[in-house]
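See structure below.
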Amino acid sequence: MFEHRHEPLLPRAAFLLRLVRHGLISLVIILSALGIGILGYHECVGLGWINSTLNAAMILGGMGPVDNLAPDTVPVSGKLFAAAYALFSGLLFIVVMGVMLGPVLHRLMHRFHLDPDSDR
């Protein structure tokens, strides 16, 4: 996917295109996860569409739930979904950071390993 360390450094325009491509991939991942959260909160917890969107966005953004899932009013399936979605959102943050920072860190490492006098 990325250039090998013996290959020349990618030109700036191609690198910016790679960053845009990775940004779009991250956006698709985030919007897909948001859609999962909206549907889950609507179907499993019983929230309305707007409240489901708000809750999913807040969990995905790391802020925490807006609607308190009171023990008597939410079915077990809703509580299990909320717990699974919270864990999923935490892992999704790591994945998106990897997708976004991958090209930058690769370019940085590639730049450090360039050695014009090397015969390897």
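Following the order of the structure tokens, first chain is A, next is B, and so on, with residues numbered from 1 inside each chain and ligands from 1 in the order they appear.
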Set the distance at 12 Å and use only C-alpha atoms: which residues neighbour Phe2 in chain A once local chain neighbours fewer than 6 positions away are removed? I'd like the list as a PDB file with N, CA and C atoms, in the first residue's frame.
```pdb
ATOM      1  N   PRO A   8      11.786   6.120  -3.552  1.00  0.00           N
ATOM      2  CA  PRO A   8      11.854   7.550  -3.191  1.00  0.00           C
ATOM      3  C   PRO A   8      10.604   7.986  -2.422  1.00  0.00           C
ATOM      4  N   LEU A   9      10.770   9.077  -1.698  1.00  0.00           N
ATOM      5  CA  LEU A   9       9.666   9.663  -0.939  1.00  0.00           C
ATOM      6  C   LEU A   9       8.564  10.102  -1.905  1.00  0.00           C
ATOM      7  N   LEU A  10       7.332   9.852  -1.539  1.00  0.00           N
ATOM      8  CA  LEU A  10       6.188  10.216  -2.372  1.00  0.00           C
ATOM      9  C   LEU A  10       6.129  11.740  -2.537  1.00  0.00           C
ATOM     10  N   ALA A  14       0.947  13.821  -4.274  1.00  0.00           N
ATOM     11  CA  ALA A  14       0.468  12.438  -4.112  1.00  0.00           C
ATOM     12  C   ALA A  14       0.235  12.119  -2.648  1.00  0.00           C
ATOM     13  N   PHE A  15       1.075  12.668  -1.770  1.00  0.00           N
ATOM     14  CA  PHE A  15       0.889  12.446  -0.332  1.00  0.00           C
ATOM     15  C   PHE A  15      -0.404  13.106   0.152  1.00  0.00           C
ATOM     16  N   ARG A  18      -3.212  11.016  -0.811  1.00  0.00           N
ATOM     17  CA  ARG A  18      -3.299   9.866   0.097  1.00  0.00           C
ATOM     18  C   ARG A  18      -3.978  10.264   1.401  1.00  0.00           C
ATOM     19  N   GLY A 102      -1.717   6.820   9.928  1.00  0.00           N
ATOM     20  CA  GLY A 102      -0.865   5.883   9.203  1.00  0.00           C
ATOM     21  C   GLY A 102      -0.010   6.535   8.126  1.00  0.00           C
ATOM     22  N   PRO A 103      -0.605   7.296   7.200  1.00  0.00           N
ATOM     23  CA  PRO A 103       0.204   7.926   6.155  1.00  0.00           C
ATOM     24  C   PRO A 103       1.222   8.929   6.702  1.00  0.00           C
ATOM     25  N   VAL A 104       0.833   9.675   7.725  1.00  0.00           N
ATOM     26  CA  VAL A 104       1.737  10.681   8.286  1.00  0.00           C
ATOM     27  C   VAL A 104       2.925  10.000   8.967  1.00  0.00           C
ATOM     28  N   LEU A 105       2.643   8.997   9.782  1.00  0.00           N
ATOM     29  CA  LEU A 105       3.727   8.298  10.466  1.00  0.00           C
ATOM     30  C   LEU A 105       4.606   7.536   9.482  1.00  0.00           C
ATOM     31  N   HIS A 106       4.003   6.971   8.439  1.00  0.00           N
ATOM     32  CA  HIS A 106       4.789   6.276   7.427  1.00  0.00           C
ATOM     33  C   HIS A 106       5.722   7.247   6.717  1.00  0.00           C
ATOM     34  N   ARG A 107       5.217   8.415   6.374  1.00  0.00           N
ATOM     35  CA  ARG A 107       6.055   9.407   5.688  1.00  0.00           C
ATOM     36  C   ARG A 107       7.199   9.857   6.597  1.00  0.00           C
ATOM     37  N   MET A 109       8.584   8.142   9.096  1.00  0.00           N
ATOM     38  CA  MET A 109       9.551   7.032   9.201  1.00  0.00           C
ATOM     39  C   MET A 109      10.315   6.870   7.885  1.00  0.00           C
ATOM     40  N   HIS A 110       9.630   7.014   6.777  1.00  0.00           N
ATOM     41  CA  HIS A 110      10.276   6.876   5.472  1.00  0.00           C
ATOM     42  C   HIS A 110      11.339   7.965   5.285  1.00  0.00           C
TER      43      HIS A 110
END
```
Determine, for each residue of range 76-99 of chain A having at least one atom at most 10 Å from an atom of range 54-65 of chain A, the closest pair of atoms and their separation in Å to one decimal, counting only C-alpha atoms; order by chain and ascending number, as JSON lines.
```
{"residue": "A:Ala82", "atom": "CA", "partner": "A:Pro65", "partner_atom": "CA", "distance": 8.9}
{"residue": "A:Tyr85", "atom": "CA", "partner": "A:Ile59", "partner_atom": "CA", "distance": 8.0}
{"residue": "A:Ala86", "atom": "CA", "partner": "A:Ile59", "partner_atom": "CA", "distance": 6.3}
{"residue": "A:Leu87", "atom": "CA", "partner": "A:Ile59", "partner_atom": "CA", "distance": 9.6}
{"residue": "A:Phe88", "atom": "CA", "partner": "A:Leu60", "partner_atom": "CA", "distance": 8.7}
{"residue": "A:Ser89", "atom": "CA", "partner": "A:Leu60", "partner_atom": "CA", "distance": 5.2}
{"residue": "A:Gly90", "atom": "CA", "partner": "A:Leu60", "partner_atom": "CA", "distance": 7.6}
{"residue": "A:Leu92", "atom": "CA", "partner": "A:Leu60", "partner_atom": "CA", "distance": 8.3}
{"residue": "A:Phe93", "atom": "CA", "partner": "A:Leu60", "partner_atom": "CA", "distance": 8.0}
```
Residues just named, written with N, CA and C atoms as a JSON list (two decimals), in the first residue's frame:
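Output saved as result-v4.json:
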```
[["chain", "number", "residue", "atom", "x", "y", "z"],
["A", 82, "ALA", "N", -26.36, -0.81, 24.39],
["A", 82, "ALA", "CA", -25.65, 0.41, 24.82],
["A", 82, "ALA", "C", -24.25, 0.06, 25.32],
["A", 85, "TYR", "N", -22.15, -0.97, 22.22],
["A", 85, "TYR", "CA", -21.86, 0.19, 21.37],
["A", 85, "TYR", "C", -20.80, 1.08, 22.01],
["A", 86, "ALA", "N", -20.84, 1.21, 23.32],
["A", 86, "ALA", "CA", -19.82, 2.02, 24.01],
["A", 86, "ALA", "C", -18.43, 1.39, 23.83],
["A", 87, "LEU", "N", -18.33, 0.08, 23.99],
["A", 87, "LEU", "CA", -17.04, -0.60, 23.78],
["A", 87, "LEU", "C", -16.60, -0.51, 22.33],
["A", 88, "PHE", "N", -17.54, -0.71, 21.42],
["A", 88, "PHE", "CA", -17.27, -0.61, 19.98],
["A", 88, "PHE", "C", -16.77, 0.79, 19.62],
["A", 89, "SER", "N", -17.35, 1.81, 20.21],
["A", 89, "SER", "CA", -16.95, 3.19, 19.92],
["A", 89, "SER", "C", -15.54, 3.48, 20.40],
["A", 90, "GLY", "N", -15.16, 2.92, 21.53],
["A", 90, "GLY", "CA", -13.80, 3.09, 22.02],
["A", 90, "GLY", "C", -12.79, 2.47, 21.08],
["A", 92, "LEU", "N", -13.32, 1.85, 17.91],
["A", 92, "LEU", "CA", -13.42, 2.56, 16.64],
["A", 92, "LEU", "C", -12.54, 3.80, 16.63],
["A", 93, "PHE", "N", -12.43, 4.47, 17.76],
["A", 93, "PHE", "CA", -11.55, 5.63, 17.88],
["A", 93, "PHE", "C", -10.11, 5.24, 17.54]]
```
Hey, what's within 12 Å of Val96 in chain A if we count only C-alpha atoms and toss same-chain stuff fewer than 2 positions away? As a list in words, please? His22, Gly23, Leu24, Ile25, Ser26, Leu27, Val28, Ile29, Ile30, Leu31, Ala33, Leu60, Gly61, Ser89, Gly90, Leu91, Leu92, Phe93, Ile94, Gly98, Val99, Met100, Leu101 and Gly102 of chain A
Export of the given selection (C-alpha atoms) as a short mmCIF file (atom, residue, chain, number, x, y, z; two decimals), in the first residue's frame:
```cif
data_model
loop_
_atom_site.label_atom_id
_atom_site.label_comp_id
_atom_site.auth_asym_id
_atom_site.auth_seq_id
_atom_site.Cartn_x
_atom_site.Cartn_y
_atom_site.Cartn_z
CA HIS A 22 -7.58 8.11 4.18
CA GLY A 23 -9.78 10.94 5.47
CA LEU A 24 -12.64 9.72 3.27
CA ILE A 25 -12.12 6.16 4.49
CA SER A 26 -12.27 7.43 8.07
CA LEU A 27 -15.43 9.39 7.32
CA VAL A 28 -17.12 6.29 5.88
CA ILE A 29 -16.12 4.29 8.97
CA ILE A 30 -17.45 6.99 11.32
CA LEU A 31 -20.72 7.46 9.43
CA ALA A 33 -20.68 3.44 13.07
CA LEU A 60 -19.05 7.93 19.39
CA GLY A 61 -17.46 11.28 20.24
CA SER A 89 -16.95 3.19 19.92
CA GLY A 90 -13.80 3.09 22.02
CA LEU A 91 -12.18 0.62 19.65
CA LEU A 92 -13.42 2.56 16.64
CA PHE A 93 -11.55 5.63 17.88
CA ILE A 94 -8.31 3.63 17.81
CA GLY A 98 -4.68 4.46 12.86
CA VAL A 99 -6.22 5.11 9.46
CA MET A 100 -5.66 8.88 9.76
CA LEU A 101 -2.17 8.81 11.26
CA GLY A 102 -0.86 5.88 9.20
#
```
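A straight line drawn from CA of Asp67 in chain A to CA of Tyr41 in chain A is 10.3 Å long.
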Considering only C-alpha atoms, return as a list in words whatever protein or nucleic-acid residues lie within 8 Å of Leu39 in chain A, sequence-local ones (same chain, fewer than 4 positions apart) excluded.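 Final neighbour list, sorted by chain and number: Gly35, Glu43 and Ser52 of chain A.
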I'd like to know which residues of range 14-107 of chain A are helix (DSSP H, G or I) (by DSSP, run on the backbone); could you write them as JSON, numbers by chain? {"A": [14, 15, 16, 17, 18, 19, 20, 21, 22, 23, 24, 25, 26, 27, 28, 29, 30, 31, 32, 33, 34, 35, 36, 37, 38, 39, 40, 41, 42, 43, 44, 45, 49, 50, 51, 52, 53, 54, 55, 56, 57, 58, 59, 60, 76, 77, 78, 79, 80, 81, 82, 83, 84, 85, 86, 87, 88, 89, 90, 91, 92, 93, 94, 95, 96, 97, 98, 99, 100, 101, 102, 103, 104, 105, 106, 107]}
